[in-house]
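Novice: My structure file start_15.cif, mmCIF, C-alpha atoms, is below:
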```
data_model
loop_
_atom_site.label_atom_id
_atom_site.label_comp_id
_atom_site.auth_asym_id
_atom_site.auth_seq_id
_atom_site.Cartn_x
_atom_site.Cartn_y
_atom_site.Cartn_z
CA MET A 16 -7.38 84.23 22.55
CA ILE A 17 -4.40 85.73 24.37
CA VAL A 18 -5.36 86.81 27.90
CA VAL A 19 -3.56 88.11 30.95
CA ARG A 20 -4.88 86.54 34.13
CA VAL A 21 -4.09 86.22 37.82
CA VAL A 22 -1.38 83.63 38.45
CA GLN A 23 -2.40 80.16 39.69
CA THR A 24 -0.57 77.49 41.69
CA GLY A 25 -0.28 75.23 38.65
CA ASP A 26 1.70 77.88 36.72
CA VAL A 27 4.98 77.37 38.59
CA ASP A 28 6.60 75.00 36.06
CA ALA A 29 5.74 77.27 33.14
CA LEU A 30 7.07 80.29 35.05
CA VAL A 31 10.41 78.62 35.78
CA ALA A 32 10.78 77.80 32.07
CA LEU A 33 9.81 81.32 31.01
CA ALA A 34 12.23 82.93 33.47
CA GLN A 35 15.08 81.10 31.73
CA GLU A 36 14.55 83.44 28.77
CA THR A 37 15.31 86.64 30.69
CA GLY A 38 18.64 88.45 30.70
CA PRO A 39 20.49 90.29 33.49
CA GLY A 40 18.85 93.15 35.33
CA LEU A 41 15.27 91.86 35.71
CA THR A 42 15.48 91.64 39.49
CA THR A 43 11.94 90.50 40.22
CA PHE A 44 11.61 87.54 37.83
CA LYS A 45 14.31 84.92 38.22
CA PRO A 46 14.23 81.16 37.36
CA ASP A 47 13.98 80.19 41.01
CA ARG A 48 11.20 77.67 41.71
CA GLU A 49 11.02 78.38 45.44
CA ALA A 50 10.86 82.14 44.94
CA LEU A 51 8.22 81.85 42.21
CA ALA A 52 6.10 79.50 44.31
CA ALA A 53 6.33 81.99 47.18
CA ARG A 54 5.24 84.78 44.84
CA ILE A 55 2.20 82.79 43.77
CA GLU A 56 1.31 82.14 47.39
CA ARG A 57 1.75 85.83 48.22
CA THR A 58 -0.68 86.71 45.43
CA ARG A 59 -3.18 84.22 46.85
CA ARG A 60 -2.82 85.75 50.32
CA THR A 61 -3.25 89.24 48.92
CA LEU A 62 -6.42 88.35 47.03
CA ALA A 63 -7.80 86.65 50.14
CA GLY A 64 -7.12 89.71 52.28
CA GLU A 65 -4.60 87.81 54.42
CA ALA A 66 -1.47 89.81 53.49
CA SER A 67 -0.29 92.91 55.34
CA GLN A 68 0.04 96.18 53.43
CA GLY A 69 3.80 95.78 53.13
CA GLU A 70 3.54 92.15 51.96
CA ALA A 71 0.69 92.59 49.48
CA GLY A 72 1.38 92.10 45.79
CA TYR A 73 -0.15 90.70 42.62
CA PHE A 74 1.34 88.55 39.87
CA PHE A 75 -0.18 87.92 36.44
CA VAL A 76 0.59 85.62 33.52
CA MET A 77 -0.12 85.95 29.82
CA GLU A 78 -1.65 82.77 28.43
CA ASP A 79 -2.62 81.60 24.98
CA THR A 80 -5.96 80.00 25.83
CA ALA A 81 -5.83 77.86 22.69
CA THR A 82 -2.59 76.12 23.70
CA GLY A 83 -2.13 76.87 27.41
CA ASP A 84 1.28 78.39 26.63
CA VAL A 85 2.46 80.92 29.25
CA ALA A 86 4.12 83.69 27.26
CA GLY A 87 4.70 86.54 29.70
CA VAL A 88 4.40 87.86 33.23
CA CYS A 89 3.86 91.14 35.03
CA GLY A 90 3.28 92.22 38.60
CA ILE A 91 2.16 94.95 40.97
CA GLU A 92 3.57 95.62 44.43
CA THR A 93 0.99 97.39 46.56
CA ALA A 94 3.31 99.46 48.77
CA VAL A 95 7.09 99.21 48.40
CA GLY A 96 9.57 99.82 51.19
CA LEU A 97 7.37 98.91 54.16
CA GLN A 98 9.00 95.54 54.84
CA GLN A 99 12.33 95.89 53.02
CA PRO A 100 13.93 99.27 52.25
CA PHE A 101 13.24 100.55 48.73
CA TYR A 102 16.46 102.31 47.80
CA ASN A 103 16.97 104.58 44.81
CA TYR A 104 19.39 107.27 43.87
CA ARG A 105 17.85 110.73 43.64
CA VAL A 106 19.57 112.71 40.90
CA SER A 107 20.06 116.27 42.14
CA THR A 108 21.92 119.30 40.84
CA VAL A 109 24.92 120.77 42.68
CA VAL A 110 26.28 124.19 41.73
CA HIS A 111 29.78 125.41 42.60
CA ALA A 112 30.62 129.04 41.88
CA SER A 113 33.44 131.50 42.56
CA GLN A 114 32.75 135.17 41.86
CA ASP A 115 36.43 136.06 42.23
CA LEU A 116 37.55 133.54 39.60
CA GLY A 117 34.49 133.87 37.43
CA ILE A 118 33.94 130.11 37.55
CA TRP A 119 30.53 128.46 37.65
CA THR A 120 29.98 124.71 37.45
CA ARG A 121 26.84 122.64 37.50
CA MET A 122 27.10 118.93 38.32
CA ARG A 123 24.80 116.00 38.98
CA ALA A 124 24.95 114.19 42.31
CA LEU A 125 23.42 110.85 43.28
CA ASN A 126 21.97 110.69 46.79
CA ILE A 127 20.59 107.55 48.44
CA SER A 128 16.84 108.03 48.74
CA HIS A 129 13.76 106.44 50.31
CA ASP A 130 11.47 108.93 48.53
CA LEU A 131 9.33 106.25 46.90
CA THR A 132 8.48 104.33 50.08
CA GLY A 133 4.77 103.49 50.14
CA TYR A 134 4.32 103.81 46.37
CA ALA A 135 2.68 101.05 44.37
CA GLU A 136 5.09 99.59 41.84
CA VAL A 137 4.40 97.96 38.49
CA CYS A 138 7.17 95.42 37.98
CA SER A 139 8.36 92.05 36.65
CA LEU A 140 7.29 92.74 33.06
CA PHE A 141 8.66 90.10 30.71
CA LEU A 142 7.30 88.88 27.39
CA SER A 143 8.79 85.93 25.53
CA PRO A 144 10.36 86.93 22.19
CA ARG A 145 8.00 84.37 20.62
CA TYR A 146 5.07 86.71 21.34
CA ARG A 147 6.58 90.13 20.69
CA THR A 148 4.20 90.97 17.88
CA GLY A 149 0.65 92.13 17.36
CA GLY A 150 0.62 94.49 20.34
CA MET A 151 1.07 91.73 22.92
CA GLY A 152 3.57 93.87 24.86
CA GLY A 153 0.93 96.57 25.16
CA LEU A 154 -1.63 94.06 26.41
CA LEU A 155 0.76 92.73 29.03
CA SER A 156 1.79 96.17 30.28
CA ARG A 157 -1.69 97.71 30.29
CA SER A 158 -3.30 94.71 31.97
CA ARG A 159 -1.90 95.94 35.30
CA PHE A 160 -3.52 99.33 34.87
CA MET A 161 -6.86 97.73 34.04
CA PHE A 162 -6.58 95.84 37.34
CA ILE A 163 -5.67 99.02 39.22
CA ALA A 164 -8.55 100.92 37.60
CA GLN A 165 -11.01 98.18 38.58
CA PHE A 166 -9.77 97.87 42.16
CA ARG A 167 -8.59 101.43 42.80
CA GLU A 168 -9.29 101.20 46.54
CA ARG A 169 -6.51 98.62 46.90
CA PHE A 170 -3.74 101.00 45.81
CA PRO A 171 -2.04 104.14 47.18
CA GLU A 172 -1.98 107.63 45.71
CA ARG A 173 1.27 107.25 43.78
CA ILE A 174 2.78 104.57 41.56
CA CYS A 175 6.21 103.92 40.09
CA ALA A 176 8.08 101.59 37.74
CA GLU A 177 11.81 100.76 37.84
CA LEU A 178 13.22 100.12 34.37
CA ARG A 179 16.31 98.11 33.48
CA GLY A 180 19.36 100.25 32.88
CA HIS A 181 21.90 100.14 30.08
CA PHE A 182 24.18 97.11 29.57
CA ASP A 183 27.07 97.12 27.11
CA ALA A 184 27.79 94.64 24.31
CA GLU A 185 29.46 92.29 26.80
CA GLY A 186 26.31 92.20 28.93
CA THR A 187 27.73 94.23 31.83
CA SER A 188 26.56 97.49 33.38
CA PRO A 189 29.08 100.33 33.03
CA PHE A 190 27.44 102.07 35.98
CA TRP A 191 27.80 99.02 38.21
CA ARG A 192 31.42 98.66 37.13
CA ALA A 193 32.14 102.29 38.04
CA VAL A 194 30.16 102.51 41.31
CA GLY A 195 28.56 99.41 42.80
CA SER A 196 31.43 97.00 42.25
CA HIS A 197 33.74 99.14 44.42
CA PHE A 198 31.36 99.24 47.38
CA TYR A 199 29.80 95.78 47.31
CA GLN A 200 32.78 93.72 46.15
CA ILE A 201 30.54 91.18 44.39
CA ASP A 202 29.42 90.99 40.77
CA PHE A 203 26.19 92.50 39.48
CA ASN A 204 24.31 89.20 39.19
CA ALA A 205 25.15 88.22 42.77
CA ALA A 206 23.94 91.58 44.11
CA ASP A 207 20.86 91.36 41.89
CA TYR A 208 20.08 87.86 43.20
CA LEU A 209 20.42 88.86 46.86
CA SER A 210 18.24 91.93 46.36
CA SER A 211 15.54 90.00 44.49
CA HIS A 212 15.35 87.51 47.39
CA GLY A 213 14.82 90.19 50.02
CA ARG A 214 18.36 90.01 51.40
CA LYS A 215 18.95 93.76 51.34
CA ALA A 216 20.86 94.28 54.59
CA PHE A 217 24.10 94.36 52.62
CA LEU A 218 22.85 97.43 50.75
CA ALA A 219 22.49 99.51 53.90
CA GLU A 220 25.78 98.17 55.26
CA LEU A 221 27.92 98.77 52.18
CA MET A 222 26.29 101.46 50.01
CA PRO A 223 27.91 104.91 49.60
CA ARG A 224 27.31 107.18 52.60
CA PHE A 225 27.88 110.41 50.66
CA PRO A 226 26.66 111.75 47.29
CA VAL A 227 28.25 110.32 44.15
CA TYR A 228 29.25 113.05 41.70
CA VAL A 229 28.25 111.81 38.25
CA GLU A 230 30.83 113.89 36.40
CA LEU A 231 33.65 112.14 38.29
CA LEU A 232 32.63 108.77 36.83
CA PRO A 233 33.91 107.34 33.52
CA GLU A 234 32.00 108.67 30.53
CA ASP A 235 30.26 105.37 29.79
CA ALA A 236 28.98 105.25 33.39
CA GLN A 237 27.84 108.87 33.24
CA ALA A 238 25.81 108.09 30.12
CA CYS A 239 23.99 105.28 31.98
CA VAL A 240 22.25 107.57 34.48
CA GLY A 241 18.58 107.47 33.54
CA LEU A 242 19.28 105.45 30.37
CA THR A 243 16.90 102.58 29.57
CA HIS A 244 18.04 99.11 28.48
CA ALA A 245 17.53 98.65 24.73
CA ASP A 246 15.11 95.75 25.28
CA THR A 247 13.07 97.85 27.72
CA VAL A 248 12.56 100.93 25.51
CA PRO A 249 9.16 99.71 24.19
CA ALA A 250 8.00 99.12 27.78
CA ARG A 251 9.09 102.65 28.71
CA ARG A 252 7.10 104.12 25.83
CA MET A 253 3.99 102.27 26.95
CA LEU A 254 4.42 103.45 30.54
CA GLU A 255 4.88 107.04 29.39
CA ALA A 256 1.74 106.74 27.25
CA GLU A 257 -0.04 105.66 30.44
CA GLY A 258 1.13 108.84 32.19
CA LEU A 259 4.28 107.85 34.10
CA ARG A 260 7.30 110.18 33.88
CA TYR A 261 10.97 110.19 34.85
CA GLU A 262 11.31 112.35 37.96
CA ASN A 263 15.06 112.04 38.63
CA HIS A 264 15.16 108.76 40.52
CA VAL A 265 17.34 105.88 39.25
CA ASP A 266 18.17 102.33 40.27
CA ILE A 267 21.14 101.95 42.61
CA PHE A 268 22.64 99.03 40.67
CA ASP A 269 22.44 99.97 36.98
CA ALA A 270 21.11 103.59 37.13
CA GLY A 271 18.04 102.67 35.08
CA PRO A 272 15.25 105.27 35.28
CA VAL A 273 12.30 105.15 37.67
CA LEU A 274 9.03 106.45 36.21
CA GLU A 275 6.24 107.68 38.47
CA CYS A 276 2.91 109.50 38.65
CA HIS A 277 -0.30 109.90 40.68
CA THR A 278 -2.40 106.75 40.40
CA SER A 279 -5.47 108.82 39.55
CA ASP A 280 -3.61 110.27 36.55
CA LEU A 281 -3.16 106.90 34.85
CA ARG A 282 -4.73 106.99 31.42
CA THR A 283 -6.55 103.70 32.00
CA ALA A 284 -8.03 104.94 35.28
CA ARG A 285 -9.30 108.09 33.54
CA GLU A 286 -10.55 106.68 30.26
CA SER A 287 -11.78 103.11 30.80
CA VAL A 288 -15.50 102.49 31.34
CA VAL A 289 -17.58 99.70 32.87
CA VAL A 290 -20.46 98.43 30.73
CA PRO A 291 -22.59 95.28 30.33
CA VAL A 292 -21.44 92.63 27.88
CA ARG A 293 -23.42 91.26 24.95
CA ILE A 294 -22.50 87.88 23.53
CA GLY A 295 -22.96 87.37 19.83
CA ASP A 296 -21.89 88.75 16.48
CA MET A 297 -20.91 92.39 16.20
CA GLY A 298 -23.21 94.69 14.28
CA ALA A 299 -22.02 96.56 11.20
CA GLN A 300 -21.29 99.73 13.17
CA GLU A 301 -19.15 97.83 15.68
CA ALA A 302 -17.15 95.82 13.19
CA GLU A 303 -14.89 98.60 11.96
CA GLU A 304 -11.86 96.81 10.53
CA GLY A 305 -8.67 96.98 12.58
CA VAL A 306 -10.20 98.60 15.68
CA ARG A 307 -10.07 96.77 18.98
CA SER A 308 -10.44 97.52 22.68
CA LEU A 309 -8.86 96.26 25.86
CA VAL A 310 -11.52 94.33 27.78
CA SER A 311 -11.42 92.80 31.26
CA ASN A 312 -13.86 91.09 33.54
CA THR A 313 -14.47 92.60 36.98
CA SER A 314 -13.55 89.58 39.09
CA LEU A 315 -10.85 90.04 41.74
CA THR A 316 -9.78 86.41 42.14
CA ASP A 317 -10.16 85.42 38.47
CA PHE A 318 -9.26 88.71 36.80
CA ARG A 319 -8.75 88.33 33.03
CA VAL A 320 -8.05 90.87 30.30
CA GLY A 321 -7.46 90.71 26.55
CA PHE A 322 -7.96 92.48 23.25
CA ALA A 323 -11.31 92.19 21.50
CA PRO A 324 -12.48 93.79 18.24
CA GLY A 325 -14.94 96.66 18.37
CA VAL A 326 -15.88 99.51 20.69
CA VAL A 327 -18.58 100.29 23.23
CA HIS A 328 -21.87 100.73 21.33
CA ASP A 329 -25.29 101.59 22.75
CA GLY A 330 -23.89 101.32 26.28
CA ALA A 331 -22.57 97.78 25.94
CA PHE A 332 -19.66 95.81 24.48
CA THR A 333 -20.10 92.79 22.24
CA LEU A 334 -17.95 89.69 22.64
CA SER A 335 -18.05 86.45 20.68
CA ALA A 336 -18.86 83.30 22.63
CA GLN A 337 -15.19 82.28 22.43
CA GLU A 338 -13.97 85.65 23.73
CA ALA A 339 -16.53 85.63 26.54
CA ALA A 340 -15.38 82.15 27.59
CA ALA A 341 -11.72 83.23 27.57
CA LEU A 342 -12.56 86.23 29.78
CA ASN A 343 -14.97 84.14 31.89
CA VAL A 344 -17.97 86.48 31.52
CA ALA A 345 -21.62 85.77 30.81
CA GLU A 346 -24.31 87.75 29.01
CA GLY A 347 -25.21 90.92 30.90
CA GLU A 348 -22.22 90.84 33.28
CA LEU A 349 -20.03 93.90 33.58
CA VAL A 350 -16.73 94.35 31.76
CA ARG A 351 -14.19 97.18 31.86
CA VAL A 352 -13.30 98.56 28.44
CA LEU A 353 -10.45 100.77 27.30
CA GLY A 354 -10.82 101.51 23.61
CA ALA A 355 -10.13 101.78 20.94
CA THR A 356 -6.73 100.94 19.47
CA HIS A 357 -5.80 100.03 15.93
CA LYS A 358 -4.43 96.54 15.56
CA PRO A 359 -0.76 96.65 14.54
CA ARG A 360 -0.07 95.41 11.03
CA GLN A 361 1.77 92.11 10.83
CA GLY A 362 5.22 92.13 9.22
#
```
Give the structure from the file, written as structure tokens.

Specialist:
Amino acid sequence: MIVVRVVQTGDVDALVALAQETGPGLTTFKPDREALAARIERTRRTLAGEASQGEAGYFFVMEDTATGDVAGVCGIETAVGLQQPFYNYRVSTVVHASQDLGIWTRMRALNISHDLTGYAEVCSLFLSPRYRTGGMGGLLSRSRFMFIAQFRERFPERICAELRGHFDAEGTSPFWRAVGSHFYQIDFNAADYLSSHGRKAFLAELMPRFPVYVELLPEDAQACVGLTHADTVPARRMLEAEGLRYENHVDIFDAGPVLECHTSDLRTARESVVVPVRIGDMGAQEAEEGVRSLVSNTSLTDFRVGFAPGVVHDGAFTLSAQEAAALNVAEGELVRVLGATHKPRQG
């Protein structure tokens, strides 16, 4: 069974190997052993109640329980911007008009913003190309919302997600080339590395002090504002299905969109239910072909979630013995269920 679970200390080698598969722009998941070990420790401290609000964060891995293969990661930051500034550009509209000349122009301006300070952030989503089939991307993305729904008291009123921006065929960001490179005088990857390691003082020291007029940028840079990286489009669709929306905030490096919403408006928070588990074979009514639900246990320190066939029936959900073992639940224990989805066809 494929499950998403809370990260463990022994995962560090697998995480370093998996991070080698990522491309530019994924700031929060780099192949850096020290940083990944620190992230695991921060998750442990958060679960134990030892982390401050600004430090708290969770990290999850997707594992094939049959092989032990780690195929993906995702994370949640509890409250961004409390320890290190959380900068974005706010995209606003500026109007210039002259009644005498009969001229009226409407332009976009980018203003440095701290608007999202204190939001929770879903982040670090990466799935190995080897597993990009059968709805595994949906499992990985939605696993975070199952965790938030189960432990709602641990999260603030609003939540956001920064998405990777557009990169051209040469693997560079036209927006960075037009804006960031002039102010920071280092390449994108260097700035990305420093930011991902918490070294953000250079941002405040060197970033633009005044609004950036989008229409004064080269056309390819203009087109990047709010544009999602091609590899990240499926993730954006899943986030939008969950209830997050683009509200005119973009990343300061590549101008990728930031999606946001009220935590209570998340689809998973509204629609998932908690029911007892039965262990055994599904009855005829439950075994409708191709229908499956997202099922998690309710453990904080050993949280696990995966797809299982069937739906809630007679106030309970039926798991096979193998599925129950993978989710670490016993007969009669509670599970959270979000159902039902149709299993994607293979090929």

Novice: Using 6 Å as the limit and counting all atoms listed in the file, can you tabulate each residue of segment 222-277 of chain A that touches segment 161-181 of chain A, with its shortest atom-to-atom distance in Å and the two atoms involved, as JSON lines?

Specialist:
```
{"residue": "A:Cys239", "atom": "CA", "partner": "A:His181", "partner_atom": "CA", "distance": 5.9}
{"residue": "A:Leu242", "atom": "CA", "partner": "A:Gly180", "partner_atom": "CA", "distance": 5.8}
{"residue": "A:Thr243", "atom": "CA", "partner": "A:Gly180", "partner_atom": "CA", "distance": 4.7}
{"residue": "A:His244", "atom": "CA", "partner": "A:His181", "partner_atom": "CA", "distance": 4.3}
{"residue": "A:Asp269", "atom": "CA", "partner": "A:Gly180", "partner_atom": "CA", "distance": 5.1}
{"residue": "A:Ala270", "atom": "CA", "partner": "A:Gly180", "partner_atom": "CA", "distance": 5.7}
{"residue": "A:Gly271", "atom": "CA", "partner": "A:Gly180", "partner_atom": "CA", "distance": 3.5}
{"residue": "A:Pro272", "atom": "CA", "partner": "A:Leu178", "partner_atom": "CA", "distance": 5.6}
{"residue": "A:Val273", "atom": "CA", "partner": "A:Glu177", "partner_atom": "CA", "distance": 4.4}
{"residue": "A:Leu274", "atom": "CA", "partner": "A:Ala176", "partner_atom": "CA", "distance": 5.2}
{"residue": "A:Glu275", "atom": "CA", "partner": "A:Cys175", "partner_atom": "CA", "distance": 4.1}
{"residue": "A:Cys276", "atom": "CA", "partner": "A:Ile174", "partner_atom": "CA", "distance": 5.7}
{"residue": "A:His277", "atom": "CA", "partner": "A:Arg173", "partner_atom": "CA", "distance": 4.4}
```

Novice: Would you write out those residues with C-alpha atoms, as a short mmCIF file (atom, residue, chain, number, x, y, z; two decimals), in the frame of the given file?

Specialist:
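Dumped everything to part_29.cif:
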```
data_model
loop_
_atom_site.label_atom_id
_atom_site.label_comp_id
_atom_site.auth_asym_id
_atom_site.auth_seq_id
_atom_site.Cartn_x
_atom_site.Cartn_y
_atom_site.Cartn_z
CA CYS A 239 23.99 105.28 31.98
CA LEU A 242 19.28 105.45 30.37
CA THR A 243 16.90 102.58 29.57
CA HIS A 244 18.04 99.11 28.48
CA ASP A 269 22.44 99.97 36.98
CA ALA A 270 21.11 103.59 37.13
CA GLY A 271 18.04 102.67 35.08
CA PRO A 272 15.25 105.27 35.28
CA VAL A 273 12.30 105.15 37.67
CA LEU A 274 9.03 106.45 36.21
CA GLU A 275 6.24 107.68 38.47
CA CYS A 276 2.91 109.50 38.65
CA HIS A 277 -0.30 109.90 40.68
#
```

Novice: Atom CA of Pro226 of chain A to atom CA of Met122 of chain A: how many Å, to one decimal?

Specialist: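 A separation of 11.5 Å between them.
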
Novice: Report the closest atom pair, with its distance in Å rounded to one decimal, for each residue of segment 221-320 of chain A that has an atom no farther than 12 Å from segment 48-63 of chain A; count only C-alpha atoms, sort by chain and then rising residue number, and write it as a Markdown table.

Specialist:
```
| residue | atom | partner | partner_atom | distance |
| --- | --- | --- | --- | --- |
| A:Ser314 | CA | A:Leu62 | CA | 10.7 |
| A:Leu315 | CA | A:Leu62 | CA | 7.1 |
| A:Thr316 | CA | A:Leu62 | CA | 6.2 |
| A:Asp317 | CA | A:Leu62 | CA | 9.8 |
| A:Phe318 | CA | A:Leu62 | CA | 10.6 |
```

Novice: Could you expand the PyMOL selection byres ((chain A and resi 156) around 10) into the explicit residues it covers here, written as an MDAnalysis selection string?

Specialist: chainID A and resid 19 88:90 137:138 140:142 151:155 157:161 250:251 253:254 257

Novice: Taking the file as I've supplied it (selection: the PyMOL selection byres ((chain A and resi 23-38) around 8)), which residues are included? Please answer as a count of residues only.

Specialist: 20

Novice: Please evaluate the PyMOL selection byres ((chain A and resi 331) around 6) against the structure above and give the resulting residues as a PDB file with C-alpha atoms, keeping the file's coordinate frame.

Specialist:
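Final output, selection-v8.pdb:
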```pdb
ATOM      1  CA  VAL A 290     -20.460  98.430  30.730  1.00  0.00           C
ATOM      2  CA  PRO A 291     -22.590  95.280  30.330  1.00  0.00           C
ATOM      3  CA  VAL A 292     -21.440  92.630  27.880  1.00  0.00           C
ATOM      4  CA  VAL A 327     -18.580 100.290  23.230  1.00  0.00           C
ATOM      5  CA  HIS A 328     -21.870 100.730  21.330  1.00  0.00           C
ATOM      6  CA  ASP A 329     -25.290 101.590  22.750  1.00  0.00           C
ATOM      7  CA  GLY A 330     -23.890 101.320  26.280  1.00  0.00           C
ATOM      8  CA  PHE A 332     -19.660  95.810  24.480  1.00  0.00           C
TER       9      PHE A 332
END
```

Novice: When you draw a straight line from atom CA of Ser188 of chain A to atom CA of Asn126 of chain A, how long is it in Å?

Specialist: 19.4 Å

Novice: Find the residues around Ala124 of chain A up to 6 Å (all atoms listed in the file counted), leave out those fewer than 3 positions away in its own chain, and share them as JSON, numbers by chain.

Specialist: {"A": [106, 107, 226, 227, 228, 229]}

Novice: Kindly indicate which residue among A:Phe322, A:Tyr73, A:Phe225, A:Tyr261 lies nearest to Ile127 of chain A, using all atoms listed in the file for the distances.

Specialist: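 Going through A:Phe322, A:Tyr73, A:Phe225, A:Tyr261 one by one, the smallest distance to Ile127 of chain A is for A:Phe225.
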
Novice: Suppose you want the space between atom CA of Ala345 of chain A and atom CA of Ser287 of chain A; what is it in Å?

Specialist: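 That distance, rounded to one decimal, is 19.9 Å.
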
Novice: Need the axis-aligned box for segment 142-156 of chain A with 3 Å each side, so what are the centre and edges in Å to one decimal, as lines of an AutoDock Vina configuration file?

Specialist:
```
center_x = 4.4
center_y = 90.5
center_z = 23.8
size_x = 18.0
size_y = 18.2
size_z = 18.9
```

Novice: Pick out the residues sitting within 12 Å of Leu218 of chain A, and hand them over as a PDB file with C-alpha atoms, keeping the file's coordinate frame; count all atoms listed in the file, and ignore anything fewer than 3 positions along from it in its own chain.

Specialist:
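Everything below was put into around_13.pdb:
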```pdb
ATOM      1  CA  GLN A  99      12.330  95.890  53.020  1.00  0.00           C
ATOM      2  CA  PRO A 100      13.930  99.270  52.250  1.00  0.00           C
ATOM      3  CA  PHE A 101      13.240 100.550  48.730  1.00  0.00           C
ATOM      4  CA  TYR A 102      16.460 102.310  47.800  1.00  0.00           C
ATOM      5  CA  ASN A 103      16.970 104.580  44.810  1.00  0.00           C
ATOM      6  CA  ILE A 127      20.590 107.550  48.440  1.00  0.00           C
ATOM      7  CA  GLY A 195      28.560  99.410  42.800  1.00  0.00           C
ATOM      8  CA  PHE A 198      31.360  99.240  47.380  1.00  0.00           C
ATOM      9  CA  TYR A 199      29.800  95.780  47.310  1.00  0.00           C
ATOM     10  CA  GLN A 200      32.780  93.720  46.150  1.00  0.00           C
ATOM     11  CA  ILE A 201      30.540  91.180  44.390  1.00  0.00           C
ATOM     12  CA  ALA A 206      23.940  91.580  44.110  1.00  0.00           C
ATOM     13  CA  ASP A 207      20.860  91.360  41.890  1.00  0.00           C
ATOM     14  CA  LEU A 209      20.420  88.860  46.860  1.00  0.00           C
ATOM     15  CA  SER A 210      18.240  91.930  46.360  1.00  0.00           C
ATOM     16  CA  GLY A 213      14.820  90.190  50.020  1.00  0.00           C
ATOM     17  CA  ARG A 214      18.360  90.010  51.400  1.00  0.00           C
ATOM     18  CA  LYS A 215      18.950  93.760  51.340  1.00  0.00           C
ATOM     19  CA  LEU A 221      27.920  98.770  52.180  1.00  0.00           C
ATOM     20  CA  MET A 222      26.290 101.460  50.010  1.00  0.00           C
ATOM     21  CA  PRO A 223      27.910 104.910  49.600  1.00  0.00           C
ATOM     22  CA  ARG A 224      27.310 107.180  52.600  1.00  0.00           C
ATOM     23  CA  ILE A 267      21.140 101.950  42.610  1.00  0.00           C
ATOM     24  CA  PHE A 268      22.640  99.030  40.670  1.00  0.00           C
TER      25      PHE A 268
END
```

Novice: For each of A:Gly117, A:Gly64, A:Pro324, A:Gly347, take the minimum atom-to-atom distance to Arg307 of chain A, counting all atoms listed in the file, then give the residue where this is smallest.

Specialist: A:Pro324

Novice: A:Leu309, A:Val326, A:Leu349, A:Ala193: which is nearest Gln237 of chain A, counting all atoms listed in the file?

Specialist: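 Using all atoms listed in the file, Gln237 of chain A sits closest to A:Ala193.
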
Novice: Using all atoms listed in the file, which residue out of A:Ile17, A:Gly83, A:Tyr134, A:Gln114 lies closest to Val310 of chain A?

Specialist: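 The shortest atom-to-atom distance to Val310 of chain A comes from A:Ile17.
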